[in-house]
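Each remark here refers to the structure printed beneath this line.
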Amino acid sequence: MGTLYYGDSQTPIGIEDRALAHLKIVLTTKLRRNESFTLSWRHPDDEPRGRETLWLHPAIPLRFVFTEPERPELNAQWLEDLMRSANSTGGIELVPEHLDPEPIPVDTSQPVRVGADVQDVEPAQD
């Protein structure tokens, strides 16, 4: 279980290491752009029922502490979902990772560009 420390709060926020690693990418991307936003989550089952929201601002200290020394492999779709919510008026909603157990079929005859829609990719010149 990782920990998020925000501002001078004496109450650390426990977040599972894998989720915290994904959040770290999204939060630091937004804060690096000097953008403020909210982060919301539901209380875990072992805490009283409810939810919380933080207002994150680039001027307020933020610290990530991970239990595991190794960085987990990141899920690009989860990062995209979190970033999309970060750019919404509702802010980041920390939702569970959706894992697709089936491998994504790959067509090796098609060009691939990271971050591009299929229709944006120009066909290769022979």
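Every chain in the structure tokens takes a letter, A first, then B, and so on in the order presented; its residues are numbered from 1, and the ligands are numbered from 1 following the presented order.
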Range 7-18 of chain A surroundings by only C-alpha atoms, 9 Å radius, close-in-sequence under 2 positions cut, as a short mmCIF file (atom, residue, chain, number, x, y, z; two decimals) with N, CA and C atoms, in the first residue's frame:
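The result, stored in result_4.cif:
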```
data_model
loop_
_atom_site.label_atom_id
_atom_site.label_comp_id
_atom_site.auth_asym_id
_atom_site.auth_seq_id
_atom_site.Cartn_x
_atom_site.Cartn_y
_atom_site.Cartn_z
N MET A 1 0.85 -1.17 0.00
CA MET A 1 0.00 0.00 0.00
C MET A 1 0.89 1.23 0.00
N GLY A 2 0.73 2.06 -1.02
CA GLY A 2 1.47 3.31 -1.11
C GLY A 2 0.78 4.41 -0.32
N THR A 3 1.43 5.56 -0.27
CA THR A 3 0.89 6.68 0.49
C THR A 3 1.06 7.96 -0.30
N LEU A 4 0.02 8.78 -0.29
CA LEU A 4 0.05 10.10 -0.92
C LEU A 4 -0.01 11.13 0.20
N TYR A 5 0.95 12.04 0.22
CA TYR A 5 0.97 13.14 1.18
C TYR A 5 0.70 14.42 0.41
N LEU A 20 -1.35 4.17 -7.37
CA LEU A 20 -0.56 5.37 -7.07
C LEU A 20 0.44 5.66 -8.18
N ALA A 21 1.03 4.62 -8.76
CA ALA A 21 1.97 4.82 -9.86
C ALA A 21 1.28 5.47 -11.07
N HIS A 22 0.06 5.04 -11.36
CA HIS A 22 -0.68 5.63 -12.46
C HIS A 22 -1.10 7.06 -12.13
N LEU A 23 -1.56 7.25 -10.90
CA LEU A 23 -1.95 8.60 -10.47
C LEU A 23 -0.78 9.57 -10.54
N ILE A 60 1.12 23.58 -3.94
CA ILE A 60 1.01 22.81 -2.71
C ILE A 60 1.87 21.55 -2.82
N PRO A 61 2.72 21.29 -1.81
CA PRO A 61 3.61 20.12 -1.88
C PRO A 61 2.83 18.80 -1.98
N LEU A 62 3.40 17.90 -2.75
CA LEU A 62 2.80 16.59 -2.99
C LEU A 62 3.93 15.56 -2.95
N ARG A 63 3.70 14.46 -2.23
CA ARG A 63 4.73 13.43 -2.12
C ARG A 63 4.10 12.06 -2.27
N VAL A 65 4.78 7.98 -1.80
CA VAL A 65 5.63 6.98 -1.14
C VAL A 65 5.09 5.61 -1.54
N PHE A 66 5.98 4.79 -2.12
CA PHE A 66 5.59 3.47 -2.59
C PHE A 66 6.15 2.39 -1.67
N THR A 67 5.36 1.37 -1.42
CA THR A 67 5.80 0.23 -0.61
C THR A 67 6.77 -0.63 -1.41
N GLU A 68 6.44 -0.88 -2.67
CA GLU A 68 7.26 -1.72 -3.54
C GLU A 68 8.40 -0.91 -4.15
N ARG A 71 9.05 -0.34 -10.04
CA ARG A 71 7.94 0.33 -10.71
C ARG A 71 7.08 -0.70 -11.43
N PRO A 72 5.75 -0.59 -11.31
CA PRO A 72 4.91 -1.55 -12.03
C PRO A 72 4.83 -1.19 -13.51
N GLU A 73 4.47 -2.16 -14.32
CA GLU A 73 4.21 -1.89 -15.72
C GLU A 73 2.93 -1.06 -15.79
N LEU A 74 2.96 0.00 -16.56
CA LEU A 74 1.81 0.90 -16.63
C LEU A 74 0.82 0.45 -17.70
#
```
Next on the checklist: List the spatial neighbours of range 31-42 of chain A as number ranges by chain - criterion: any atom at most 7 Å away, only C-alpha atoms, same-chain residues fewer than 2 positions off excluded.
Outcome noted: A: 27-29, 44, 50-58, 86, 91-94
Keeping only N, CA, C and O atoms, write those residues as a PDB file, in the first residue's frame.
```pdb
ATOM      1  N   LEU A  27      -1.109  13.124 -12.212  1.00  0.00           N
ATOM      2  CA  LEU A  27      -1.028  14.307 -11.354  1.00  0.00           C
ATOM      3  C   LEU A  27       0.162  15.183 -11.723  1.00  0.00           C
ATOM      4  O   LEU A  27       0.027  16.413 -11.839  1.00  0.00           O
ATOM      5  N   THR A  28       1.316  14.582 -11.901  1.00  0.00           N
ATOM      6  CA  THR A  28       2.500  15.396 -12.214  1.00  0.00           C
ATOM      7  C   THR A  28       2.391  16.021 -13.602  1.00  0.00           C
ATOM      8  O   THR A  28       2.880  17.135 -13.805  1.00  0.00           O
ATOM      9  N   THR A  29       1.748  15.348 -14.534  1.00  0.00           N
ATOM     10  CA  THR A  29       1.532  15.938 -15.865  1.00  0.00           C
ATOM     11  C   THR A  29       0.677  17.193 -15.752  1.00  0.00           C
ATOM     12  O   THR A  29       1.016  18.241 -16.310  1.00  0.00           O
ATOM     13  N   PRO A  44     -12.055   2.905   0.985  1.00  0.00           N
ATOM     14  CA  PRO A  44     -11.936   1.442   0.882  1.00  0.00           C
ATOM     15  C   PRO A  44     -12.929   0.751   1.818  1.00  0.00           C
ATOM     16  O   PRO A  44     -13.459   1.362   2.757  1.00  0.00           O
ATOM     17  N   GLY A  50     -18.009   6.224   2.432  1.00  0.00           N
ATOM     18  CA  GLY A  50     -17.956   7.611   1.994  1.00  0.00           C
ATOM     19  C   GLY A  50     -16.974   7.811   0.858  1.00  0.00           C
ATOM     20  O   GLY A  50     -16.487   6.860   0.258  1.00  0.00           O
ATOM     21  N   ARG A  51     -16.705   9.077   0.588  1.00  0.00           N
ATOM     22  CA  ARG A  51     -15.757   9.437  -0.460  1.00  0.00           C
ATOM     23  C   ARG A  51     -15.085  10.740  -0.078  1.00  0.00           C
ATOM     24  O   ARG A  51     -15.547  11.458   0.811  1.00  0.00           O
ATOM     25  N   GLU A  52     -13.975  11.041  -0.745  1.00  0.00           N
ATOM     26  CA  GLU A  52     -13.227  12.259  -0.462  1.00  0.00           C
ATOM     27  C   GLU A  52     -12.809  12.916  -1.762  1.00  0.00           C
ATOM     28  O   GLU A  52     -12.687  12.256  -2.794  1.00  0.00           O
ATOM     29  N   THR A  53     -12.557  14.216  -1.692  1.00  0.00           N
ATOM     30  CA  THR A  53     -12.059  14.977  -2.827  1.00  0.00           C
ATOM     31  C   THR A  53     -10.996  15.938  -2.335  1.00  0.00           C
ATOM     32  O   THR A  53     -11.163  16.584  -1.309  1.00  0.00           O
ATOM     33  N   LEU A  54      -9.889  16.006  -3.080  1.00  0.00           N
ATOM     34  CA  LEU A  54      -8.826  16.981  -2.817  1.00  0.00           C
ATOM     35  C   LEU A  54      -8.799  17.983  -3.958  1.00  0.00           C
ATOM     36  O   LEU A  54      -8.994  17.609  -5.119  1.00  0.00           O
ATOM     37  N   TRP A  55      -8.517  19.236  -3.642  1.00  0.00           N
ATOM     38  CA  TRP A  55      -8.243  20.243  -4.658  1.00  0.00           C
ATOM     39  C   TRP A  55      -6.728  20.298  -4.788  1.00  0.00           C
ATOM     40  O   TRP A  55      -6.030  20.611  -3.832  1.00  0.00           O
ATOM     41  N   LEU A  56      -6.208  19.940  -5.948  1.00  0.00           N
ATOM     42  CA  LEU A  56      -4.759  19.929  -6.156  1.00  0.00           C
ATOM     43  C   LEU A  56      -4.327  21.194  -6.887  1.00  0.00           C
ATOM     44  O   LEU A  56      -4.933  21.581  -7.890  1.00  0.00           O
ATOM     45  N   HIS A  57      -3.277  21.803  -6.377  1.00  0.00           N
ATOM     46  CA  HIS A  57      -2.748  23.049  -6.928  1.00  0.00           C
ATOM     47  C   HIS A  57      -1.237  22.923  -7.042  1.00  0.00           C
ATOM     48  O   HIS A  57      -0.597  22.342  -6.152  1.00  0.00           O
ATOM     49  N   PRO A  58      -0.635  23.461  -8.101  1.00  0.00           N
ATOM     50  CA  PRO A  58       0.811  23.319  -8.303  1.00  0.00           C
ATOM     51  C   PRO A  58       1.674  23.874  -7.165  1.00  0.00           C
ATOM     52  O   PRO A  58       2.800  23.423  -6.971  1.00  0.00           O
ATOM     53  N   ALA A  86      -9.209  13.812 -15.614  1.00  0.00           N
ATOM     54  CA  ALA A  86      -8.510  14.985 -15.075  1.00  0.00           C
ATOM     55  C   ALA A  86      -8.849  16.230 -15.874  1.00  0.00           C
ATOM     56  O   ALA A  86      -8.879  17.334 -15.327  1.00  0.00           O
ATOM     57  N   GLY A  91     -13.029  16.530 -12.529  1.00  0.00           N
ATOM     58  CA  GLY A  91     -11.705  16.175 -12.036  1.00  0.00           C
ATOM     59  C   GLY A  91     -11.447  14.682 -12.102  1.00  0.00           C
ATOM     60  O   GLY A  91     -12.240  13.914 -12.642  1.00  0.00           O
ATOM     61  N   ILE A  92     -10.303  14.277 -11.546  1.00  0.00           N
ATOM     62  CA  ILE A  92      -9.914  12.871 -11.588  1.00  0.00           C
ATOM     63  C   ILE A  92     -10.778  12.060 -10.632  1.00  0.00           C
ATOM     64  O   ILE A  92     -10.894  12.391  -9.466  1.00  0.00           O
ATOM     65  N   GLU A  93     -11.370  11.029 -11.154  1.00  0.00           N
ATOM     66  CA  GLU A  93     -12.109  10.066 -10.339  1.00  0.00           C
ATOM     67  C   GLU A  93     -11.270   8.804 -10.332  1.00  0.00           C
ATOM     68  O   GLU A  93     -11.091   8.171 -11.373  1.00  0.00           O
ATOM     69  N   LEU A  94     -10.689   8.475  -9.181  1.00  0.00           N
ATOM     70  CA  LEU A  94      -9.848   7.282  -9.084  1.00  0.00           C
ATOM     71  C   LEU A  94     -10.739   6.060  -9.167  1.00  0.00           C
ATOM     72  O   LEU A  94     -11.483   5.745  -8.247  1.00  0.00           O
TER      73      LEU A  94
END
```
Checklist entry - Separation of CA of Gln77 in chain A and CA of Glu97 in chain A, in Å? => result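 We find that CA of Gln77 in chain A and CA of Glu97 in chain A lie 8.8 Å from each other.
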Next on the checklist: Just to confirm, what's the straight-line distance from CA of Thr89 in chain A to CA of Asn75 in chain A in Å (one decimal)?
Outcome noted: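 We find that CA of Thr89 in chain A and CA of Asn75 in chain A lie 23.7 Å from each other.
CA of Ile25 in chain A lies 17.5 Å from CA of Ala59 in chain A.
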